[in-house]
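Participant: Got work.txt for you, compact mmCIF, C-alpha atoms and all ligand atoms:
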# COMPACT_ATOMS: atom_id res chain seq x y z
CA MET A 1 202.27 36.62 118.25
CA PRO A 2 199.28 35.61 115.99
CA LEU A 3 199.97 33.34 113.16
CA PRO A 4 199.41 35.20 109.88
CA TRP A 5 197.79 32.12 108.27
CA LEU A 6 194.99 32.19 110.87
CA VAL A 7 193.89 35.81 110.18
CA ALA A 8 192.09 35.18 106.92
CA PRO A 9 189.93 32.20 108.08
CA LEU A 10 189.06 34.03 111.34
CA LEU A 11 187.97 37.11 109.46
CA GLY A 12 185.91 34.86 107.16
CA VAL A 13 184.16 33.17 110.11
CA MET A 14 183.39 36.59 111.70
CA VAL A 15 181.89 37.97 108.49
CA LEU A 16 179.79 34.81 108.03
CA GLY A 17 178.60 35.03 111.69
CA ALA A 18 177.63 38.69 111.28
CA VAL A 19 175.67 37.94 108.11
CA ALA A 20 173.90 34.96 109.77
CA MET A 21 172.98 37.11 112.81
CA ALA A 22 171.66 39.84 110.54
CA VAL A 23 169.48 37.32 108.71
CA VAL A 24 168.14 35.89 112.00
CA LEU A 25 167.40 39.38 113.39
CA ARG A 26 165.66 40.34 110.16
CA ARG A 27 163.49 37.21 110.41
CA ILE A 28 162.57 38.08 114.02
CA ALA A 29 161.79 41.63 112.95
CA ALA A 30 159.57 40.36 110.15
CA ALA A 31 157.82 37.96 112.57
CA LEU A 32 157.12 40.85 114.99
CA GLY A 33 155.99 43.09 112.13
CA LEU A 34 158.58 45.72 113.05
CA ALA A 35 159.16 47.79 109.89
CA PRO A 36 161.40 45.30 108.09
CA GLY A 37 161.48 47.53 105.03
CA LEU A 38 163.56 50.08 106.88
CA TRP A 39 166.25 47.57 107.65
CA PRO A 40 169.02 47.22 106.52
CA PRO A 41 170.73 49.83 105.60
CA GLY A 42 172.23 49.73 109.12
CA LEU A 43 172.35 46.79 111.48
CA TRP A 44 172.31 48.71 114.81
CA PRO A 45 169.40 51.18 114.32
CA TRP A 46 166.96 48.22 114.30
CA PRO A 47 167.52 46.91 117.86
CA GLY A 48 167.08 50.56 118.93
CA ARG A 49 163.61 50.60 117.34
CA LEU A 50 162.82 47.26 118.97
CA LEU A 51 163.58 48.83 122.33
CA ASP A 52 161.35 51.85 121.50
CA GLN A 53 158.48 49.53 120.60
CA ALA A 54 158.97 47.56 123.81
CA ARG A 55 158.93 50.78 125.83
CA ARG A 56 155.80 51.93 124.03
CA LEU A 57 154.10 48.61 124.71
CA ARG A 58 155.00 48.89 128.39
CA ARG A 59 153.64 52.46 128.51
CA VAL A 60 150.36 51.45 126.83
CA GLY A 61 150.11 48.49 129.23
CA SER A 62 150.54 50.65 132.32
CA GLU A 63 148.09 53.26 130.97
CA GLN A 64 145.52 50.50 130.46
CA ALA A 65 146.13 49.16 133.96
CA ALA A 66 145.66 52.68 135.40
CA ALA A 67 142.43 53.14 133.39
CA LEU A 68 141.16 49.80 134.67
CA ALA A 69 142.01 50.76 138.24
CA ARG A 70 140.16 54.08 137.76
CA LEU A 71 137.15 52.18 136.38
CA VAL A 72 137.10 49.80 139.35
CA GLN A 73 137.35 52.76 141.72
CA ALA A 74 134.56 54.62 139.88
CA GLY A 75 132.34 51.53 140.13
CA ALA A 76 133.01 51.26 143.86
CA ILE A 77 132.23 54.98 144.36
CA ILE A 78 128.96 54.73 142.40
CA ILE A 79 127.88 51.72 144.48
CA GLU A 80 128.91 53.50 147.67
CA ARG A 81 126.94 56.63 146.88
CA LEU A 82 123.74 55.04 145.54
CA PRO A 83 120.81 56.14 147.73
CA ASP A 84 119.37 52.62 148.02
CA PRO A 85 120.95 50.06 150.34
CA LEU A 86 123.04 47.79 148.13
CA ILE A 87 125.13 44.70 148.92
CA VAL A 88 127.57 43.00 146.52
CA LEU A 89 128.20 39.27 146.92
CA ASP A 90 130.90 37.15 145.31
CA ALA A 91 130.64 33.60 143.98
CA ALA A 92 131.16 32.21 147.52
CA ARG A 93 128.19 34.32 148.80
CA THR A 94 130.63 36.49 150.78
CA VAL A 95 129.84 40.20 151.13
CA ARG A 96 132.29 42.10 148.89
CA GLN A 97 130.79 45.52 149.45
CA ALA A 98 127.88 47.04 151.40
CA ASN A 99 127.29 50.65 150.52
CA ASP A 100 126.78 53.62 152.81
CA ALA A 101 122.96 53.42 152.60
CA ALA A 102 123.05 49.71 153.53
CA ARG A 103 125.29 50.38 156.52
CA ALA A 104 123.09 53.29 157.60
CA ALA A 105 119.90 51.25 157.28
CA PHE A 106 121.06 47.95 158.71
CA GLY A 107 124.39 48.59 160.48
CA GLU A 108 125.62 45.41 162.07
CA ASP A 109 122.49 43.57 160.96
CA ILE A 110 123.48 43.19 157.28
CA ALA A 111 124.50 39.56 157.85
CA ALA A 112 121.22 38.91 159.68
CA VAL A 113 119.28 40.47 156.78
CA LEU A 114 121.08 38.21 154.30
CA ARG A 115 120.28 35.21 156.45
CA HIS A 116 116.53 35.85 156.30
CA PRO A 117 115.12 32.64 154.76
CA VAL A 118 113.01 34.47 152.17
CA LEU A 119 115.92 36.61 150.98
CA ARG A 120 118.34 33.67 151.10
CA ALA A 121 116.04 31.64 148.88
CA ALA A 122 115.85 34.51 146.37
CA ILE A 123 119.65 34.84 146.39
CA GLU A 124 120.07 31.12 145.72
CA ARG A 125 117.56 31.28 142.86
CA ALA A 126 119.50 34.18 141.32
CA TYR A 127 122.81 32.26 141.56
CA ALA A 128 121.32 29.06 140.17
CA GLY A 129 119.46 30.61 137.24
CA ARG A 130 121.73 33.66 136.65
CA THR A 131 118.50 35.69 136.93
CA THR A 132 116.96 38.69 138.72
CA GLU A 133 114.76 37.74 141.67
CA THR A 134 112.59 39.69 144.13
CA ALA A 135 111.68 39.00 147.73
CA THR A 136 109.45 40.75 150.26
CA PHE A 137 109.90 40.10 153.96
CA SER A 138 109.73 41.89 157.29
CA LEU A 139 112.41 42.42 159.90
CA PRO A 140 110.97 42.39 163.40
CA VAL A 141 113.80 44.16 165.28
CA PRO A 142 114.67 46.83 166.36
CA ILE A 143 111.41 48.18 164.88
CA GLU A 144 109.28 46.23 162.44
CA ARG A 145 110.30 47.07 158.87
CA ASN A 146 108.92 45.81 155.63
CA ILE A 147 111.67 45.18 153.10
CA ARG A 148 111.46 44.61 149.39
CA ALA A 149 114.66 43.15 147.89
CA ARG A 150 115.83 42.78 144.29
CA VAL A 151 118.58 40.24 143.74
CA VAL A 152 120.41 40.73 140.43
CA HIS A 153 122.90 38.25 138.93
CA LEU A 154 125.41 40.32 136.93
CA LEU A 155 126.31 37.47 134.49
CA GLN A 156 129.89 38.75 134.44
CA GLU A 157 132.13 39.09 137.48
CA LEU A 158 133.09 42.57 138.68
CA PRO A 159 136.86 43.22 139.02
CA ASP A 160 136.58 42.72 142.80
CA GLY A 161 134.91 39.32 142.36
CA GLY A 162 131.32 40.55 142.91
CA ILE A 163 128.74 38.66 140.88
CA VAL A 164 125.36 39.20 142.60
CA ILE A 165 123.94 42.49 143.89
CA VAL A 166 121.15 42.76 146.45
CA VAL A 167 119.19 46.05 146.46
CA LEU A 168 117.06 46.55 149.55
CA GLY A 169 114.11 48.96 149.77
CA ASP A 170 112.35 49.85 153.02
CA ARG A 171 108.62 49.84 152.26
CA SER A 172 107.53 50.73 155.81
CA ARG A 173 107.06 54.44 155.02
CA GLU A 174 105.22 53.68 151.79
CA GLN A 175 102.95 51.28 153.68
CA ALA A 176 102.33 53.83 156.44
CA VAL A 177 101.23 56.34 153.77
CA GLU A 178 98.97 53.70 152.18
CA ARG A 179 97.50 52.95 155.61
CA MET A 180 96.96 56.66 156.26
CA ARG A 181 95.12 57.05 152.95
CA ALA A 182 92.93 54.06 153.71
CA ASP A 183 92.22 55.43 157.22
CA PHE A 184 91.42 58.83 155.74
CA VAL A 185 88.88 57.42 153.30
CA ALA A 186 87.33 55.31 156.09
CA ASN A 187 87.18 58.35 158.43
CA ALA A 188 85.74 60.66 155.77
CA SER A 189 83.07 58.11 154.84
CA HIS A 190 82.23 57.59 158.51
CA GLU A 191 81.98 61.35 159.14
CA LEU A 192 79.61 61.73 156.20
CA ARG A 193 77.62 58.62 156.96
CA THR A 194 76.70 59.72 160.49
CA PRO A 195 74.69 62.83 159.50
CA LEU A 196 73.38 61.02 156.44
CA ALA A 197 72.02 58.17 158.60
CA SER A 198 70.38 60.72 160.86
CA LEU A 199 68.81 62.48 157.85
CA ILE A 200 67.45 59.18 156.50
CA GLY A 201 66.03 58.34 159.94
CA PHE A 202 64.21 61.68 160.22
CA ILE A 203 62.87 61.45 156.69
CA GLU A 204 61.39 58.01 157.48
CA THR A 205 59.86 59.37 160.70
CA LEU A 206 58.37 62.36 158.89
CA GLN A 207 56.94 60.07 156.20
CA GLY A 208 55.47 57.66 158.79
CA PRO A 209 54.73 58.23 162.48
CA ALA A 210 55.17 62.03 162.42
CA ALA A 211 53.32 62.60 159.14
CA ASP A 212 50.58 64.58 160.89
CA ASP A 213 52.53 65.99 163.82
CA ALA A 214 53.29 69.65 163.00
CA GLU A 215 55.30 70.21 166.19
CA ALA A 216 57.53 67.14 165.59
CA GLN A 217 57.99 68.19 161.96
CA ARG A 218 59.24 71.64 163.01
CA ARG A 219 61.72 70.14 165.48
CA PHE A 220 62.95 67.43 163.12
CA LEU A 221 63.39 69.79 160.20
CA ALA A 222 65.61 72.03 162.35
CA ILE A 223 67.81 69.05 163.24
CA MET A 224 67.84 67.92 159.62
CA ALA A 225 68.96 71.36 158.46
CA GLU A 226 71.79 71.23 161.02
CA GLN A 227 72.88 67.75 159.83
CA ALA A 228 72.78 68.82 156.19
CA GLN A 229 74.93 71.85 157.05
CA ARG A 230 77.36 69.61 158.85
CA MET A 231 77.73 67.47 155.72
CA ASN A 232 78.21 70.62 153.70
CA ARG A 233 80.98 71.89 156.02
CA LEU A 234 82.67 68.53 155.91
CA ILE A 235 82.66 68.45 152.10
CA ASP A 236 83.93 72.06 151.99
CA ASP A 237 86.80 71.21 154.36
CA LEU A 238 87.67 68.02 152.47
CA LEU A 239 87.79 69.94 149.20
CA SER A 240 89.88 72.75 150.74
CA LEU A 241 92.32 70.23 152.12
CA SER A 242 92.76 68.43 148.82
CA ARG A 243 93.08 71.74 146.89
CA ILE A 244 95.79 72.89 149.31
CA GLU A 245 97.61 69.58 149.08
CA VAL A 246 97.74 69.84 145.28
CA VAL A 247 99.64 73.16 145.43
CA GLU A 248 101.50 72.52 148.67
CA HIS A 249 104.87 72.31 146.91
CA GLN A 250 104.38 75.48 144.87
CA PRO A 251 105.32 78.65 146.73
CA PRO A 252 102.34 81.05 146.92
CA GLU A 253 102.14 83.99 144.53
CA GLY A 254 100.81 87.38 145.52
CA ALA A 255 101.02 89.54 148.61
CA VAL A 256 98.69 89.92 151.57
CA ASP A 257 97.88 92.71 154.01
CA LEU A 258 97.54 90.34 156.96
CA ALA A 259 96.28 92.98 159.43
CA MET A 260 93.44 93.94 157.10
CA LEU A 261 92.60 90.28 156.60
CA VAL A 262 92.46 89.61 160.37
CA ARG A 263 90.27 92.68 161.00
CA GLY A 264 87.82 91.72 158.26
CA ILE A 265 87.43 88.15 159.55
CA ALA A 266 87.21 89.32 163.19
CA GLU A 267 84.23 91.50 162.24
CA SER A 268 82.37 88.49 160.89
CA PHE A 269 82.73 86.84 164.34
CA GLU A 270 80.96 89.65 166.22
CA LEU A 271 77.59 87.90 166.58
CA ARG A 272 79.12 84.62 167.70
CA LEU A 273 81.35 86.40 170.22
CA GLU A 274 78.35 88.26 171.56
CA ALA A 275 76.34 85.05 171.84
CA ARG A 276 79.04 83.59 174.09
CA HIS A 277 79.70 86.89 175.89
CA MET A 278 83.31 86.82 174.76
CA ARG A 279 85.64 89.71 174.11
CA LEU A 280 88.19 89.85 171.25
CA THR A 281 91.28 92.08 171.30
CA LEU A 282 93.56 92.67 168.30
CA ASP A 283 97.16 93.92 168.44
CA LEU A 284 98.42 93.84 164.87
CA ALA A 285 100.85 96.79 164.71
CA ALA A 286 103.86 94.52 164.16
CA LEU A 287 102.45 93.08 160.90
CA PRO A 288 104.11 94.14 157.66
CA ARG A 289 101.80 95.84 155.16
CA ARG A 290 102.61 93.33 152.47
CA LEU A 291 103.50 89.75 153.18
CA PRO A 292 104.05 87.22 150.39
CA GLY A 293 101.21 84.72 150.52
CA ASP A 294 97.94 83.35 149.21
CA ALA A 295 95.17 85.61 150.57
CA ASP A 296 92.40 82.97 150.38
CA GLN A 297 94.46 80.34 152.12
CA LEU A 298 95.74 82.67 154.85
CA ALA A 299 92.14 83.84 155.38
CA GLN A 300 91.24 80.20 155.99
CA VAL A 301 94.01 79.90 158.60
CA ILE A 302 92.72 82.97 160.48
CA GLN A 303 89.11 81.83 160.14
CA ASN A 304 89.84 78.33 161.50
CA LEU A 305 91.92 79.52 164.47
CA LEU A 306 89.41 82.22 165.46
CA ASP A 307 86.60 79.70 165.03
CA ASN A 308 88.36 77.28 167.42
CA ALA A 309 89.06 80.04 169.96
CA VAL A 310 85.36 80.94 169.98
CA LYS A 311 84.23 77.27 170.02
CA TYR A 312 86.56 76.04 172.77
CA GLY A 313 87.21 79.33 174.61
CA ARG A 314 85.52 80.12 177.93
CA GLU A 315 81.99 81.50 177.92
CA GLY A 316 82.46 85.16 178.91
CA GLY A 317 86.20 84.81 178.33
CA LEU A 318 88.81 86.67 176.33
CA VAL A 319 90.25 85.91 172.89
CA SER A 320 93.31 87.81 171.68
CA VAL A 321 95.17 88.00 168.39
CA THR A 322 98.64 89.49 168.76
CA ALA A 323 101.37 90.04 166.17
CA ARG A 324 105.09 90.35 166.81
CA ALA A 325 108.25 90.21 164.75
CA GLU A 326 110.10 86.95 165.35
CA SER A 327 113.15 85.35 163.71
CA ARG A 328 113.40 81.59 163.60
CA ALA A 329 116.54 79.65 162.66
CA GLY A 330 118.08 82.82 161.25
CA ARG A 331 115.00 83.62 159.12
CA ALA A 332 113.17 86.88 159.66
CA GLY A 333 109.45 86.45 160.19
CA VAL A 334 106.29 87.43 161.94
CA ALA A 335 104.28 85.55 164.58
CA LEU A 336 100.50 85.86 164.81
CA ILE A 337 99.30 84.49 168.15
CA PHE A 338 95.70 83.35 168.77
CA GLU A 339 95.02 82.86 172.46
CA ASP A 340 91.92 82.00 174.47
CA ASP A 341 91.36 81.36 178.19
CA GLY A 342 89.14 78.31 177.72
CA LEU A 343 89.32 74.56 178.14
CA GLY A 344 92.92 74.12 177.17
CA ILE A 345 94.31 70.94 175.64
CA PRO A 346 95.83 67.93 177.47
CA ARG A 347 99.59 67.75 176.87
CA ALA A 348 99.37 64.22 175.39
CA ASP A 349 97.02 65.43 172.64
CA LEU A 350 99.15 68.39 171.50
CA PRO A 351 101.34 66.56 168.95
CA ARG A 352 98.30 64.97 167.24
CA LEU A 353 96.01 67.98 166.92
CA THR A 354 96.90 68.68 163.29
CA GLU A 355 96.08 65.12 162.18
CA ARG A 356 92.94 64.88 160.09
CA PHE A 357 89.84 64.14 162.17
CA TYR A 358 91.80 64.16 165.42
CA ARG A 359 89.77 65.71 168.23
CA VAL A 360 90.38 65.87 171.95
CA ASP A 361 86.67 65.48 172.65
CA ARG A 362 84.73 64.17 169.69
CA GLY A 363 81.32 64.93 171.20
CA ARG A 364 82.20 68.52 172.06
CA SER A 365 83.72 69.15 168.62
CA ARG A 366 80.59 67.78 166.91
CA ALA A 367 78.28 69.77 169.17
CA ALA A 368 80.23 72.91 168.26
CA GLY A 369 79.95 72.09 164.55
CA GLY A 370 83.58 70.99 164.13
CA THR A 371 84.75 68.76 161.30
CA GLY A 372 88.12 67.77 162.79
CA LEU A 373 89.88 69.13 159.71
CA GLY A 374 90.44 72.79 160.68
CA LEU A 375 93.95 72.43 162.10
CA ALA A 376 95.01 70.01 159.34
CA ILE A 377 94.09 72.73 156.83
CA VAL A 378 96.08 75.31 158.87
CA LYS A 379 99.13 73.05 158.91
CA HIS A 380 99.10 72.43 155.14
CA VAL A 381 98.62 76.13 154.31
CA LEU A 382 101.56 77.03 156.55
CA ASN A 383 103.71 74.29 155.01
CA ARG A 384 103.06 75.83 151.63
CA HIS A 385 104.07 79.26 152.97
CA ARG A 386 107.25 77.79 154.53
CA GLY A 387 105.80 78.82 157.86
CA ALA A 388 104.94 76.88 161.00
CA LEU A 389 102.23 76.30 163.58
CA THR A 390 103.15 75.91 167.25
CA ILE A 391 100.64 75.02 169.93
CA ALA A 392 100.99 75.64 173.65
CA SER A 393 98.35 75.05 176.30
CA GLU A 394 97.67 74.49 179.93
CA GLU A 395 94.51 72.51 180.67
CA GLY A 396 91.73 74.65 182.06
CA LYS A 397 93.79 77.84 181.61
CA PHE A 398 94.66 78.75 178.05
CA SER A 399 95.33 77.57 174.49
CA ARG A 400 97.82 79.44 172.31
CA PHE A 401 98.19 78.80 168.58
CA THR A 402 101.15 80.63 167.03
CA VAL A 403 101.26 81.06 163.27
CA TRP A 404 104.75 81.92 162.09
CA LEU A 405 105.36 83.21 158.56
CA PRO A 406 108.66 84.22 157.02
CA THR A 407 109.07 87.83 155.83
CA PRO A 408 111.29 88.59 152.86
CA PRO A 409 114.28 90.86 153.41
CA GLY A 410 114.05 94.41 152.04
CA PRO A 411 112.07 97.61 152.49
CA GLU A 412 108.74 95.92 151.65
CA SER A 413 108.71 94.12 155.00
P1 LIG A 501 87.41 70.76 164.96
O1 LIG A 501 86.62 70.94 163.74
O2 LIG A 501 87.05 69.55 165.75
O3 LIG A 501 87.49 72.00 165.78
P2 LIG A 501 90.21 71.21 164.44
O4 LIG A 501 91.14 70.48 163.55
O5 LIG A 501 90.01 72.65 164.21
O6 LIG A 501 88.87 70.41 164.40
O7 LIG A 501 90.72 71.01 165.93
C1 LIG A 501 91.04 69.71 166.38
C2 LIG A 501 90.81 69.57 167.86
O8 LIG A 501 91.74 70.41 168.57
C3 LIG A 501 89.45 70.05 168.31
O9 LIG A 501 88.49 69.03 168.17
C4 LIG A 501 89.71 70.38 169.77
O10 LIG A 501 89.65 69.20 170.54
C5 LIG A 501 91.14 70.87 169.77
N1 LIG A 501 91.23 72.35 169.77
C6 LIG A 501 91.45 73.14 168.70
N2 LIG A 501 91.49 74.43 169.07
C7 LIG A 501 91.31 74.46 170.41
C8 LIG A 501 91.25 75.51 171.38
N3 LIG A 501 91.40 76.79 171.05
N4 LIG A 501 91.07 75.14 172.66
C9 LIG A 501 90.92 73.86 173.02
N5 LIG A 501 90.96 72.83 172.15
C10 LIG A 501 91.15 73.12 170.85
I need this file expressed as structure tokens, please.
Facilitator:
Amino acid sequence: MPLPWLVAPLLGVMVLGAVAMAVVLRRIAAALGLAPGLWPPGLWPWPGRLLDQARRLRRVGSEQAAALARLVQAGAIIIERLPDPLIVLDAARTVRQANDAARAAFGEDIAAVLRHPVLRAAIERAYAGRTTETATFSLPVPIERNIRARVVHLLQELPDGGIVIVVLGDRSREQAVERMRADFVANASHELRTPLASLIGFIETLQGPAADDAEAQRRFLAIMAEQAQRMNRLIDDLLSLSRIEVVEHQPPEGAVDLAMLVRGIAESFELRLEARHMRLTLDLAALPRRLPGDADQLAQVIQNLLDNAVKYGREGGLVSVTARAESRAGRAGVALIFEDDGLGIPRADLPRLTERFYRVDRGRSRAAGGTGLGLAIVKHVLNRHRGALTIASEEGKFSRFTVWLPTPPGPES
């Protein structure tokens, strides 16, 4: 049974406590900047709002965390997919990530690459100076490769701890191309210098010892004319090759009646065929009337292959040009086959025949007026036409050069 005299003081204490709590809560609300103006009128709506704010803060926090995670993932994907080999190192020089290109290029050897003294020195310089460094070095195994590395200090750590990236570029291919260019210039100069030296020699002889020798003059002038023509052919072929290379990546415009082209060029060979007692047969019925292509360039292909068949074919032998429809790798096309029953080509030489200045027998090619560029020109023209050249031969029996060209679908072909 509560004592009635206690009720009033208790009520008073409760009211005072409620007021004090309200004041404290209002202070907290003001400190947190939570809409103090809206409170009071009621005491209880405010803690409700506080809860809402807390929930909102939590939601914003988790959204930011998800965005950050997405960003980290995007960064990792970009690094993974970059075409250049790329390695990410952390502050302890440990590999954090090596992308697909790096794994493909170096596989298990990534650690060995990073241990190369030249690259290691560049990495240490980048760490020490927070700079970008470069290094060039070669890896001897499994095949010698020339590597150019860029080491970049990122200044700010990546979310996974990465701080230095190493980008590796394989310069071997680039260097091979540079070497090929240098070889080409050397070869071309050599090819031109030989007839030029001979011309200079004959001119000196004609000016000196043979000045009054009419018979020697006649002989020498004939040789000089031949040497000058050789230089002319060489320059023509060099120019053709460089003109073809310039447009090699542009598909040819225009259309060609290949059968008519072959017949026209074959006629121009009549005298040479006769001189070597050779016979030429044409079977061109399978050729479409109109084939997309560059007439001048395809004429050069036919000219060069017929020229070789006559040059290297058997005296008194047979040369044939045969056409047949042929699909390759699901593409419709036509094959034009040039065959002779002459010297043939050793198997080991077959893969190199289309290289510039490559000849099986240098002396024989020169004697026949060859420049060593004919098949290189054929190859580049066919590349431009998305076609192909295949060579088959048996030494002493036959040589067969097959020109394949794609035909477009439709009634035209
Ligand atoms: P070349 O001007 O020397 O004939 P090509 O590039 O046309 O240059 O040919 C390269 C080499 O391929 C020739 O030197 C020759 O050794 C060989 N060759 C080409 N065609 C034939 C063929 N029909 N029979 C035998 N050898 C051939």
Participant: So how far away is CA of Pro195 in chain A from CA of Gln227 in chain A, in Å?
Facilitator: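 Computed distance, CA of Gln227 in chain A to CA of Pro195 in chain A, equals 5.3 Å.
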Participant: Counting only C-alpha atoms and all ligand atoms, which residue out of A:Leu282, A:Ala128, A:Ala325, A:Leu234 sits closest to ligand LIG 501 (chain A)?
Facilitator: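 Answer, going by the shortest atom-to-atom distance: A:Leu234.
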Participant: Would you please work out which residue, of A:Glu245, A:Thr281, A:Leu306, A:Val152, is nearest to Arg125 in chain A when using only C-alpha atoms?
Facilitator: A:Val152
Participant: For CA of Arg230 in chain A and CA of Ala266 in chain A, quote the distance in Å rounded to one decimal.
Facilitator: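 Rounded to one decimal, the two atoms are 22.5 Å apart.
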Participant: How would you report the residues lying within 6 Å of ligand LIG 501 (chain A), as a list in words, if you count only C-alpha atoms and all ligand atoms?
Facilitator: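 Using only C-alpha atoms and all ligand atoms, everything at most 6 Å from ligand LIG 501 (chain A) comes to Asn308, Ala309, Tyr312, Leu343, Gly344, Ile345, Leu353, Tyr358, Arg359, Val360, Asp361, Ser365, Gly370, Thr371, Gly372, Leu373, Gly374, Leu375, Ala376 and Ser399 of chain A.
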Participant: So which one's closest to Asp257 in chain A, A:His277, A:Arg96, A:Arg289, A:Arg120? Using only C-alpha atoms, please.
Facilitator: A:Arg289
Participant: Restricting the calculation to all atoms listed in the file: of A:Arg115, A:Arg233, A:His153, A:Arg59, which residue gets closest to Asp90 in chain A?
Facilitator: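 Residue with the minimum atom-to-atom distance to Asp90 in chain A: A:His153.
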Participant: Once you count only C-alpha atoms, which residues end up no further than 12 Å from (72.1, 67.8, 161.6) in the file's frame, shown as a count of residues only?
Facilitator: 30
Participant: Hey, can you check how far CA of Thr94 in chain A sits from CA of Ala69 in chain A?
Facilitator: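 Calculated distance between CA of Thr94 in chain A and CA of Ala69 in chain A is 22.1 Å.
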Participant: Show which residues sit within 12 Å of Gln175 in chain A, as a list in words. Count only C-alpha atoms, and ignore same-chain residues fewer than 3 positions away.
Facilitator: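 Listing them by chain and then by number gives Glu144, Arg145, Asn146, Ile147, Arg148, Asp170, Arg171, Ser172, Glu178, Arg179, Met180, Arg181 and Ala182 of chain A.
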Participant: Of the candidates A:His190, A:His385, A:Lys311, A:Arg356, which one gets nearest to Glu248 in chain A if we count all atoms listed in the file?
Facilitator: A:His385
Participant: Restore N, CA and C atoms in range 209-220 of chain A and list the result as a PDB file, in the coordinates of the input.
Facilitator:
ATOM      1  N   PRO A 209      55.384  57.870 161.208  1.00  0.00           N
ATOM      2  CA  PRO A 209      54.730  58.230 162.480  1.00  0.00           C
ATOM      3  C   PRO A 209      54.461  59.725 162.650  1.00  0.00           C
ATOM      4  N   ALA A 210      55.343  60.593 162.148  1.00  0.00           N
ATOM      5  CA  ALA A 210      55.170  62.030 162.420  1.00  0.00           C
ATOM      6  C   ALA A 210      54.516  62.761 161.249  1.00  0.00           C
ATOM      7  N   ALA A 211      53.869  61.991 160.361  1.00  0.00           N
ATOM      8  CA  ALA A 211      53.320  62.600 159.140  1.00  0.00           C
ATOM      9  C   ALA A 211      52.319  63.717 159.449  1.00  0.00           C
ATOM     10  N   ASP A 212      51.599  63.563 160.584  1.00  0.00           N
ATOM     11  CA  ASP A 212      50.580  64.580 160.890  1.00  0.00           C
ATOM     12  C   ASP A 212      50.912  65.404 162.131  1.00  0.00           C
ATOM     13  N   ASP A 213      52.151  65.305 162.580  1.00  0.00           N
ATOM     14  CA  ASP A 213      52.530  65.990 163.820  1.00  0.00           C
ATOM     15  C   ASP A 213      53.333  67.259 163.470  1.00  0.00           C
ATOM     16  N   ALA A 214      52.658  68.396 163.439  1.00  0.00           N
ATOM     17  CA  ALA A 214      53.290  69.650 163.000  1.00  0.00           C
ATOM     18  C   ALA A 214      54.445  70.034 163.920  1.00  0.00           C
ATOM     19  N   GLU A 215      54.271  69.826 165.227  1.00  0.00           N
ATOM     20  CA  GLU A 215      55.300  70.210 166.190  1.00  0.00           C
ATOM     21  C   GLU A 215      56.572  69.361 165.982  1.00  0.00           C
ATOM     22  N   ALA A 216      56.382  68.037 165.822  1.00  0.00           N
ATOM     23  CA  ALA A 216      57.530  67.140 165.590  1.00  0.00           C
ATOM     24  C   ALA A 216      58.216  67.516 164.270  1.00  0.00           C
ATOM     25  N   GLN A 217      57.418  67.829 163.277  1.00  0.00           N
ATOM     26  CA  GLN A 217      57.990  68.190 161.960  1.00  0.00           C
ATOM     27  C   GLN A 217      58.903  69.413 162.100  1.00  0.00           C
ATOM     28  N   ARG A 218      58.453  70.409 162.840  1.00  0.00           N
ATOM     29  CA  ARG A 218      59.240  71.640 163.010  1.00  0.00           C
ATOM     30  C   ARG A 218      60.587  71.307 163.684  1.00  0.00           C
ATOM     31  N   ARG A 219      60.498  70.506 164.748  1.00  0.00           N
ATOM     32  CA  ARG A 219      61.720  70.140 165.480  1.00  0.00           C
ATOM     33  C   ARG A 219      62.670  69.324 164.588  1.00  0.00           C
ATOM     34  N   PHE A 220      62.115  68.331 163.932  1.00  0.00           N
ATOM     35  CA  PHE A 220      62.950  67.430 163.120  1.00  0.00           C
ATOM     36  C   PHE A 220      63.602  68.173 161.954  1.00  0.00           C
TER      37      PHE A 220
END
